[in-house]
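The structure file target-v1.txt is reproduced below (compact mmCIF, C-alpha atoms).
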```txt
# COMPACT_ATOMS: atom_id res chain seq x y z
CA MET A 141 -10.43 12.15 40.76
CA SER A 142 -9.67 8.95 38.88
CA LYS A 143 -9.92 5.38 40.16
CA LYS A 144 -6.60 3.72 40.72
CA SER A 145 -6.00 0.09 41.63
CA ILE A 146 -2.73 0.54 43.42
CA ARG A 147 -2.07 -2.85 44.99
CA PHE A 148 -3.06 -6.50 44.98
CA PHE A 149 -3.35 -8.73 48.02
CA GLU A 150 -2.81 -12.33 46.95
CA ASN A 151 -5.33 -12.85 44.16
CA LYS A 152 -7.72 -10.02 45.06
CA GLU A 153 -7.76 -6.42 43.93
CA VAL A 154 -7.69 -3.66 46.53
CA ARG A 155 -8.92 -0.51 44.80
CA ALA A 156 -8.27 3.01 45.96
CA ILE A 157 -8.88 6.57 44.85
CA TRP A 158 -6.65 9.58 45.43
CA ASP A 159 -8.07 12.59 47.25
CA ASP A 160 -6.30 15.73 45.99
CA ASP A 161 -7.78 17.90 48.71
CA GLY A 162 -6.88 15.58 51.56
CA ASN A 163 -3.65 14.31 49.95
CA LYS A 164 -4.36 10.70 50.79
CA TRP A 165 -5.73 7.45 49.42
CA TRP A 166 -9.25 6.23 50.14
CA PHE A 167 -9.64 2.43 49.95
CA ASN A 168 -12.75 0.57 48.80
CA VAL A 169 -14.22 -1.04 51.93
CA ILE A 170 -15.98 -3.88 50.09
CA ASP A 171 -12.67 -4.91 48.52
CA ILE A 172 -11.14 -5.08 52.01
CA VAL A 173 -14.09 -7.02 53.43
CA ALA A 174 -13.84 -9.50 50.54
CA VAL A 175 -10.14 -9.97 51.31
CA LEU A 176 -10.60 -10.38 55.05
CA ASN A 177 -13.50 -12.81 54.66
CA GLU A 178 -11.85 -14.60 51.72
CA GLN A 179 -15.06 -13.91 49.84
CA ASP A 180 -15.16 -13.99 46.03
CA ASP A 181 -18.82 -12.96 45.81
CA TYR A 182 -18.98 -9.15 45.76
CA THR A 183 -22.68 -9.12 46.72
CA LYS A 184 -22.05 -11.27 49.79
CA ALA A 185 -19.09 -9.09 50.76
CA ASN A 186 -21.30 -6.01 50.38
CA ASN A 187 -24.04 -7.58 52.50
CA TYR A 188 -21.54 -8.45 55.20
CA TRP A 189 -20.27 -4.88 55.26
CA ARG A 190 -23.83 -3.55 55.59
CA TRP A 191 -24.39 -5.86 58.54
CA LEU A 192 -21.06 -4.94 60.14
CA LYS A 193 -21.72 -1.24 59.60
CA ARG A 194 -25.04 -1.49 61.45
CA LYS A 195 -23.33 -3.40 64.26
CA LEU A 196 -20.55 -0.84 64.59
CA LYS A 197 -23.03 2.02 64.49
CA SER A 198 -25.06 0.44 67.32
CA GLU A 199 -21.83 0.28 69.33
CA SER A 200 -21.16 3.98 68.59
CA ASN A 201 -17.96 3.02 66.78
CA GLN A 202 -16.51 6.09 65.06
CA LEU A 203 -15.28 3.97 62.14
CA VAL A 204 -18.67 4.23 60.42
CA SER A 205 -18.69 8.03 60.48
CA ALA A 206 -15.20 8.04 58.95
CA THR A 207 -16.36 6.45 55.70
CA HIS A 208 -16.63 8.49 52.52
CA GLY A 209 -18.37 7.58 49.29
CA PHE A 210 -16.49 7.49 46.00
CA ARG A 211 -17.48 6.02 42.65
CA PHE A 212 -15.93 2.79 41.41
CA ILE A 213 -16.78 0.55 38.47
CA ALA A 214 -19.25 -2.07 39.70
CA ALA A 215 -19.71 -5.62 38.42
CA ASP A 216 -22.32 -4.37 35.92
CA GLY A 217 -19.78 -1.95 34.43
CA LYS A 218 -21.47 1.18 35.83
CA MET A 219 -19.89 3.74 38.14
CA ARG A 220 -21.46 3.33 41.58
CA LEU A 221 -20.84 4.85 44.99
CA ALA A 222 -18.89 2.70 47.41
CA ASP A 223 -17.87 3.26 51.03
CA CYS A 224 -14.19 4.07 51.43
CA LEU A 225 -11.82 4.46 54.37
CA ASP A 226 -8.40 6.03 54.62
CA SER A 227 -5.35 4.08 55.80
CA GLU A 228 -6.11 4.56 59.50
CA GLY A 229 -9.70 3.48 58.93
CA ILE A 230 -8.66 0.35 57.06
CA MET A 231 -6.34 -0.67 59.91
CA GLU A 232 -9.17 -0.13 62.39
CA LEU A 233 -11.55 -2.10 60.19
CA ALA A 234 -9.16 -5.06 60.04
CA LYS A 235 -9.18 -5.22 63.83
CA ASN A 236 -12.85 -6.19 63.63
CA PHE A 237 -11.86 -9.37 61.80
CA PRO A 238 -10.18 -11.55 64.46
CA ASN A 239 -8.62 -14.09 62.13
CA THR A 240 -5.17 -14.94 60.78
CA LYS A 241 -6.06 -13.41 57.40
CA ALA A 242 -6.53 -10.02 59.07
CA MET A 243 -3.05 -10.13 60.59
CA LYS A 244 -1.50 -11.15 57.29
CA PHE A 245 -3.40 -8.39 55.51
CA LEU A 246 -2.24 -5.77 58.02
CA ASP A 247 1.37 -6.88 57.57
CA TRP A 248 0.94 -6.44 53.83
CA PHE A 249 -0.99 -3.16 54.08
CA THR A 250 1.46 -1.52 56.49
CA TYR A 251 4.61 -3.01 54.97
CA SER A 252 5.45 -4.40 58.44
CA ASP A 253 5.97 -8.06 57.56
CA ASN A 254 9.40 -8.84 59.00
CA THR A 255 9.80 -12.24 57.35
CA ILE A 256 12.38 -12.65 54.59
CA ASP A 257 9.58 -12.61 52.02
CA GLY A 258 8.04 -9.51 53.58
CA GLN A 259 11.31 -7.62 53.74
CA SER A 260 12.41 -8.61 50.24
CA LYS A 261 9.00 -7.69 48.85
CA LYS A 262 9.37 -4.17 50.25
CA LYS A 263 12.71 -3.93 48.47
CA ALA A 264 11.17 -5.27 45.27
CA TYR A 265 8.52 -2.51 45.37
CA THR A 266 11.29 0.10 45.32
CA PHE A 267 13.12 -1.49 42.39
CA TRP A 268 11.00 0.64 40.05
CA GLU A 269 12.81 3.78 41.17
CA SER A 270 16.26 2.21 41.50
CA ASN A 271 17.48 2.60 37.89
CA LEU A 272 19.84 -0.20 38.85
CA ILE A 273 20.12 -1.91 35.48
CA GLY A 274 21.46 -0.01 32.49
CA SER A 275 20.07 -0.79 29.04
CA ALA A 276 23.32 -2.46 27.98
CA GLU A 277 23.12 -4.88 30.93
CA VAL A 278 19.55 -6.03 30.38
CA GLY A 279 19.40 -9.77 29.73
CA SER A 280 22.82 -10.44 31.20
CA VAL A 281 23.71 -12.73 34.09
CA LYS A 282 25.19 -9.70 35.84
CA ALA A 283 21.83 -7.91 35.63
CA LEU A 284 20.08 -10.92 37.18
CA GLN A 285 22.67 -10.98 39.96
CA LYS A 286 22.09 -7.27 40.61
CA ILE A 287 18.33 -7.81 40.85
CA HIS A 288 18.78 -10.72 43.25
CA ALA A 289 21.27 -8.76 45.37
CA TYR A 290 18.94 -5.74 45.47
CA ILE A 291 15.92 -7.75 46.62
CA PHE A 292 17.63 -10.15 49.02
CA GLY A 293 20.63 -8.12 50.18
CA GLY A 294 20.94 -8.27 53.96
CA LEU A 295 18.44 -11.14 54.08
CA TYR A 296 20.47 -13.96 52.53
CA ASP A 297 24.24 -14.09 52.82
CA PHE A 298 24.29 -15.45 49.25
CA ALA A 299 22.30 -12.52 47.78
CA GLY A 300 23.50 -11.96 44.21
CA GLN A 301 25.87 -14.94 44.38
CA ILE A 302 25.73 -17.80 41.88
CA ARG A 303 25.17 -21.03 43.79
CA ASN A 304 27.94 -23.58 44.26
CA LYS A 305 25.65 -26.43 45.30
CA ASN A 306 23.23 -28.51 43.28
CA ILE A 307 19.52 -28.09 44.06
CA SER A 308 16.22 -29.72 43.14
CA LYS A 309 12.53 -29.01 43.61
CA GLY A 310 9.50 -31.25 43.26
CA GLY A 311 11.65 -34.07 41.94
CA PHE A 312 13.27 -31.89 39.26
CA THR A 313 17.02 -31.30 39.46
CA PHE A 314 18.13 -27.91 38.16
CA ALA A 315 21.27 -27.37 36.09
CA PRO A 316 24.42 -28.67 37.83
CA CYS A 317 26.47 -25.81 39.25
CA GLN A 318 29.80 -27.32 38.12
CA HIS A 319 28.83 -26.46 34.54
CA PHE A 320 27.71 -22.88 35.21
CA HIS A 321 30.92 -21.48 33.71
CA ILE A 322 29.58 -22.80 30.38
CA THR A 323 25.81 -22.82 30.97
CA LEU A 324 25.27 -19.24 32.14
CA PRO A 325 27.36 -17.49 29.43
CA THR A 326 25.54 -19.62 26.85
CA ILE A 327 22.16 -18.45 28.17
CA GLU A 328 23.38 -14.88 28.31
CA ARG A 329 24.30 -14.98 24.62
CA MET A 330 20.84 -16.21 23.57
CA PRO A 331 19.10 -13.66 21.29
CA GLU A 332 16.27 -11.46 22.60
CA THR A 333 14.86 -9.78 19.52
CA THR A 334 11.50 -11.62 19.29
CA PHE A 335 8.89 -12.80 21.77
CA ASP A 336 9.80 -16.46 21.21
CA GLU A 337 13.51 -15.80 21.67
CA ILE A 338 12.90 -13.98 24.93
CA VAL A 339 10.70 -16.77 26.31
CA ASP A 340 13.32 -19.35 25.29
CA LYS A 341 15.93 -17.42 27.24
CA TYR A 342 13.63 -17.12 30.27
CA VAL A 343 12.89 -20.85 30.26
CA GLU A 344 16.58 -21.71 30.05
CA MET A 345 17.43 -19.38 32.93
CA ASN A 346 14.68 -20.99 34.98
CA VAL A 347 16.17 -24.42 34.31
CA ALA A 348 19.56 -23.08 35.40
CA HIS A 349 18.13 -21.65 38.66
CA PRO A 350 21.43 -19.92 39.45
CA PHE A 351 20.65 -18.95 43.09
CA MET A 352 20.00 -21.02 46.19
CA GLU A 353 16.67 -19.22 46.77
CA GLY A 354 14.69 -16.41 45.14
CA ASN A 355 15.14 -17.47 41.53
CA GLY A 356 11.54 -17.02 40.40
CA ARG A 357 11.04 -13.56 41.90
CA SER A 358 14.34 -12.27 40.50
CA THR A 359 13.99 -13.85 37.07
CA ARG A 360 10.48 -12.52 36.50
CA ILE A 361 11.78 -8.96 36.96
CA TRP A 362 14.72 -9.83 34.68
CA LEU A 363 12.26 -11.11 32.06
CA ASP A 364 10.19 -7.93 32.20
CA LEU A 365 13.30 -5.80 31.69
CA ILE A 366 14.09 -7.76 28.53
CA PHE A 367 10.55 -7.36 27.20
CA ARG A 368 10.63 -3.64 27.98
CA ARG A 369 13.88 -3.06 26.13
CA SER A 370 13.38 -5.38 23.15
CA LEU A 371 9.63 -5.25 22.51
CA LYS A 372 8.54 -2.12 24.43
CA LYS A 373 6.13 -4.37 26.31
CA CYS A 374 5.93 -6.01 29.71
CA ILE A 375 3.85 -8.67 31.45
CA ASP A 376 0.69 -7.83 33.39
CA TRP A 377 1.18 -10.71 35.84
CA SER A 378 -2.28 -10.14 37.34
CA LYS A 379 -3.70 -11.75 34.19
CA ILE A 380 -1.87 -15.03 34.84
CA ASN A 381 -3.43 -17.48 37.27
CA LYS A 382 -1.04 -18.85 39.87
CA ASN A 383 -1.75 -22.56 39.28
CA ASP A 384 -1.68 -22.09 35.50
CA TYR A 385 1.69 -20.35 35.73
CA LEU A 386 3.28 -22.92 38.06
CA SER A 387 2.13 -25.89 35.99
CA ALA A 388 3.24 -24.19 32.77
CA MET A 389 6.70 -23.53 34.21
CA VAL A 390 7.06 -27.17 35.29
CA GLU A 391 5.99 -28.26 31.82
CA SER A 392 8.34 -25.75 30.15
CA HIS A 393 11.31 -27.98 30.98
CA THR A 394 10.17 -30.18 28.09
CA ASP A 395 7.50 -28.12 26.30
CA SER A 396 7.22 -24.33 26.57
CA THR A 397 3.92 -24.03 24.66
CA LYS A 398 1.76 -23.23 27.70
CA ILE A 399 4.07 -20.65 29.23
CA ARG A 400 4.31 -18.93 25.84
CA GLN A 401 0.52 -18.77 25.63
CA LEU A 402 0.19 -17.38 29.15
CA LEU A 403 2.87 -14.72 28.67
CA GLN A 404 1.60 -13.76 25.21
CA GLY A 405 -1.91 -13.24 26.59
CA ALA A 406 -0.63 -11.01 29.39
CA LEU A 407 1.61 -8.70 27.33
CA THR A 408 0.89 -4.99 27.66
CA ASN A 409 2.51 -1.85 26.30
CA LYS A 410 2.12 -0.06 29.68
CA ILE A 411 5.85 -0.21 30.37
CA HIS A 412 5.86 3.13 32.19
CA ASP A 413 2.89 2.27 34.41
CA ARG A 414 4.02 1.92 38.02
CA GLU A 415 0.74 0.19 38.88
CA ILE A 416 1.51 -2.65 36.46
CA PHE A 417 4.92 -3.10 38.08
CA MET A 418 3.49 -3.08 41.63
CA LYS A 419 0.83 -5.62 40.69
CA GLY A 420 3.57 -7.72 39.11
CA ILE A 421 5.52 -7.81 42.38
CA ASP A 422 2.42 -8.78 44.35
CA TYR A 423 1.64 -11.62 41.96
CA SER A 424 5.27 -12.73 41.74
CA TYR A 425 5.38 -13.21 45.50
CA TYR A 426 1.94 -14.80 45.49
CA TYR A 427 3.21 -17.43 43.05
CA GLU A 428 5.84 -18.45 45.61
CA GLU A 429 3.41 -18.89 48.52
CA ASN A 430 2.72 -22.48 49.55
```
Encoded form (structure tokens):
Amino acid sequence: MSKKSIRFFENKEVRAIWDDDGNKWWFNVIDIVAVLNEQDDYTKANNYWRWLKRKLKSESNQLVSATHGFRFIAADGKMRLADCLDSEGIMELAKNFPNTKAMKFLDWFTYSDNTIDGQSKKKAYTFWESNLIGSAEVGSVKALQKIHAYIFGGLYDFAGQIRNKNISKGGFTFAPCQHFHITLPTIERMPETTFDEIVDKYVEMNVAHPFMEGNGRSTRIWLDLIFRRSLKKCIDWSKINKNDYLSAMVESHTDSTKIRQLLQGALTNKIHDREIFMKGIDYSYYYEEN
């Protein structure tokens, strides 16, 4: 069996390993404990789990007996045994953490978040298999509209529709909608043959902000499609810190140096890796959280 980091919760990795015999995923318990306790120190998370395990065992809780040991790469780079639980075990474990983080985690883990963000995120996860955008459409305004409509269809009545109102955010006013008949075709015609050209196009589309909501999440997928087609690369968004990304995007309105550096440092040739795409969606939505 091979280790597989299949999902990210906010800024923390949740690792899992596939069991061929049992046909199911086993999730690293320490990763879950670190998430639920908002703990960045792996040793402290491990110590907490050891304490909780003793407590549960003294209460004759069957959760402890359900754990299995699998090897994961530890902080020292060596493969070490770690307690793991299957999906049912993880949901039971979360119930022993009576805090708001546990509820949010369970919504994420079970795909049961019924908010607009939760529902659209579930749709975004399935975009990988959709084959919605043909190669000839990549980089077009129509492709961006299709992405937006796919993710937000049924959630916003303007899904996939170019806005007809002017909007602003954080004191910055995005491109006026009355000029979109000129602005958007101009952006669409921008070249995409080099890294710099692609980033220029991405920055300009961000300034345009063609939808009432959901611009960032849609445009990041759009950007990755362009990178995949033109450079046979994509962005590993998990390598880009949220605050660094947001500040770089604000600055890109006048100077795109920082966003270029961040994107360049996160480029990968793993364009067929579903894990990279799934992590990208998790981080993309994390960027939008207040």
* Smallest atom-to-atom distance to Arg368 of chain A: which of A:Phe351, A:Phe167, A:Phe335, A:Tyr385, using only C-alpha atoms? ->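 Of all the options, A:Phe335 lies closest to Arg368 of chain A.
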Contacts of segment 374-382 of chain A at 12 Å or less, counting all atoms listed in the file, minus same-chain residues fewer than 6 places along, as an mmCIF file with C-alpha atoms, in the frame of the given file?
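Generated file (selection-v2.cif):
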```
data_model
loop_
_atom_site.group_PDB
_atom_site.id
_atom_site.type_symbol
_atom_site.label_atom_id
_atom_site.label_comp_id
_atom_site.auth_asym_id
_atom_site.auth_seq_id
_atom_site.Cartn_x
_atom_site.Cartn_y
_atom_site.Cartn_z
ATOM 1 C CA SER A 145 -6.000 0.090 41.630
ATOM 2 C CA ARG A 147 -2.070 -2.850 44.990
ATOM 3 C CA PHE A 148 -3.060 -6.500 44.980
ATOM 4 C CA PHE A 149 -3.350 -8.730 48.020
ATOM 5 C CA GLU A 150 -2.810 -12.330 46.950
ATOM 6 C CA ASN A 151 -5.330 -12.850 44.160
ATOM 7 C CA LYS A 152 -7.720 -10.020 45.060
ATOM 8 C CA GLU A 153 -7.760 -6.420 43.930
ATOM 9 C CA PHE A 335 8.890 -12.800 21.770
ATOM 10 C CA ILE A 338 12.900 -13.980 24.930
ATOM 11 C CA VAL A 339 10.700 -16.770 26.310
ATOM 12 C CA ARG A 357 11.040 -13.560 41.900
ATOM 13 C CA ARG A 360 10.480 -12.520 36.500
ATOM 14 C CA ILE A 361 11.780 -8.960 36.960
ATOM 15 C CA TRP A 362 14.720 -9.830 34.680
ATOM 16 C CA LEU A 363 12.260 -11.110 32.060
ATOM 17 C CA ASP A 364 10.190 -7.930 32.200
ATOM 18 C CA LEU A 365 13.300 -5.800 31.690
ATOM 19 C CA ILE A 366 14.090 -7.760 28.530
ATOM 20 C CA PHE A 367 10.550 -7.360 27.200
ATOM 21 C CA ARG A 368 10.630 -3.640 27.980
ATOM 22 C CA ALA A 388 3.240 -24.190 32.770
ATOM 23 C CA MET A 389 6.700 -23.530 34.210
ATOM 24 C CA LYS A 398 1.760 -23.230 27.700
ATOM 25 C CA ILE A 399 4.070 -20.650 29.230
ATOM 26 C CA ARG A 400 4.310 -18.930 25.840
ATOM 27 C CA GLN A 401 0.520 -18.770 25.630
ATOM 28 C CA LEU A 402 0.190 -17.380 29.150
ATOM 29 C CA LEU A 403 2.870 -14.720 28.670
ATOM 30 C CA GLN A 404 1.600 -13.760 25.210
ATOM 31 C CA GLY A 405 -1.910 -13.240 26.590
ATOM 32 C CA ALA A 406 -0.630 -11.010 29.390
ATOM 33 C CA LEU A 407 1.610 -8.700 27.330
ATOM 34 C CA THR A 408 0.890 -4.990 27.660
ATOM 35 C CA ASN A 409 2.510 -1.850 26.300
ATOM 36 C CA LYS A 410 2.120 -0.060 29.680
ATOM 37 C CA ILE A 411 5.850 -0.210 30.370
ATOM 38 C CA HIS A 412 5.860 3.130 32.190
ATOM 39 C CA ASP A 413 2.890 2.270 34.410
ATOM 40 C CA ARG A 414 4.020 1.920 38.020
ATOM 41 C CA GLU A 415 0.740 0.190 38.880
ATOM 42 C CA ILE A 416 1.510 -2.650 36.460
ATOM 43 C CA PHE A 417 4.920 -3.100 38.080
ATOM 44 C CA MET A 418 3.490 -3.080 41.630
ATOM 45 C CA LYS A 419 0.830 -5.620 40.690
ATOM 46 C CA GLY A 420 3.570 -7.720 39.110
ATOM 47 C CA ILE A 421 5.520 -7.810 42.380
ATOM 48 C CA ASP A 422 2.420 -8.780 44.350
ATOM 49 C CA TYR A 423 1.640 -11.620 41.960
ATOM 50 C CA SER A 424 5.270 -12.730 41.740
ATOM 51 C CA TYR A 425 5.380 -13.210 45.500
ATOM 52 C CA TYR A 426 1.940 -14.800 45.490
ATOM 53 C CA TYR A 427 3.210 -17.430 43.050
ATOM 54 C CA GLU A 428 5.840 -18.450 45.610
ATOM 55 C CA GLU A 429 3.410 -18.890 48.520
ATOM 56 C CA ASN A 430 2.720 -22.480 49.550
#
```
Could I get the residues of segment 238-324 of chain A with an atom no further than 12 Å from an atom of segment 226-229 of chain A, each paired with its nearest atom pair and that distance in Å to one decimal, using all atoms listed in the file, sorted by chain and residue number, as a Markdown table?
```
| residue | atom | partner | partner_atom | distance |
| --- | --- | --- | --- | --- |
| A:Leu246 | CA | A:Ser227 | CA | 10.6 |
| A:Phe249 | CA | A:Ser227 | CA | 8.6 |
| A:Thr250 | CA | A:Ser227 | CA | 8.8 |
```
* To do: Please write as an MDAnalysis selection string the list of polymer residues whose atoms come within 8 Å of (30.3, -26.0, 44.5), counting all atoms listed in the file and keeping to the coordinates of the file.
  => chainID A and resid 303:306 317:318
* **d(atom CA of Lys309 of chain A, atom CA of Ser387 of chain A) in Å** =>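 That distance, rounded to one decimal, is 13.3 Å.
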* To do: With a distance cut-off of 6 Å and all atoms listed in the file, select the neighbouring residues of Asn168 of chain A, excluding the residue or stretch itself and same-chain residues fewer than 6 positions from it, and output the selection as number ranges by chain.
  => A: 155-156, 224
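Distances to Glu232 of chain A were evaluated for A:Gln301, A:Gln285, A:Thr207, A:Ser392 using all atoms listed in the file, and the minimum falls at A:Thr207.
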* To do: Could you jot down the atom CA of Arg190 of chain A to atom CA of Asp247 of chain A separation for me, Å, one decimal place?
  =>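 Those two atoms sit 25.5 Å apart.
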* One-decimal distance in Å that lies between atom CA of Ser198 of chain A and atom CA of Leu233 of chain A ->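 Between atom CA of Leu233 of chain A and atom CA of Ser198 of chain A the gap is 15.5 Å.
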* Using all atoms listed in the file, which residue out of A:Asn271, A:Asn239, A:Thr333, A:Thr183 lies closest to Ala214 of chain A? ->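 Smallest separation from Ala214 of chain A among the options: A:Thr183.
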* To do: Select all residues near (13.7, -19.8, 29.2) (cut-off 12 Å, inclusive, file coordinates), counting all atoms listed in the file, and output them as number ranges by chain.
  => A: 279, 324, 327-328, 330-332, 335-349, 356, 359-360, 362-363, 388-397, 399-400, 403
* To do: Write out as number ranges by chain which residues come within 9 Å of segment 255-258 of chain A when counting only C-alpha atoms, dropping same-chain ones fewer than 5 positions away.
  => A: 247-248, 263, 292, 295-296, 425
Would you place a box with edges along x, y and z of the file around all atoms of segment 309-324 of chain A listed there, add 3 Å to each of its six sides, and report the centre and edge lengths in Å to one decimal, as JSON?
```
{"center_x": 20.2, "center_y": -26.7, "center_z": 37.0, "size_x": 27.4, "size_y": 20.8, "size_z": 19.2}
```
* To do: Return the single residue from A:Phe312, A:Tyr251, A:Phe237, A:Trp158 that is closest to Asn177 of chain A, with distances computed using all atoms listed in the file.
  =>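 Comparing A:Phe312, A:Tyr251, A:Phe237, A:Trp158 against Asn177 of chain A, the winner is A:Phe237.
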* To do: Counting only C-alpha atoms, figure out which residue out of A:Leu371, A:Leu196, A:Ala234, A:Ile307 gets nearest to Ala174 of chain A.
  =>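 Checking each of A:Leu371, A:Leu196, A:Ala234, A:Ile307 against Ala174 of chain A, counting only C-alpha atoms, the winner is A:Ala234.
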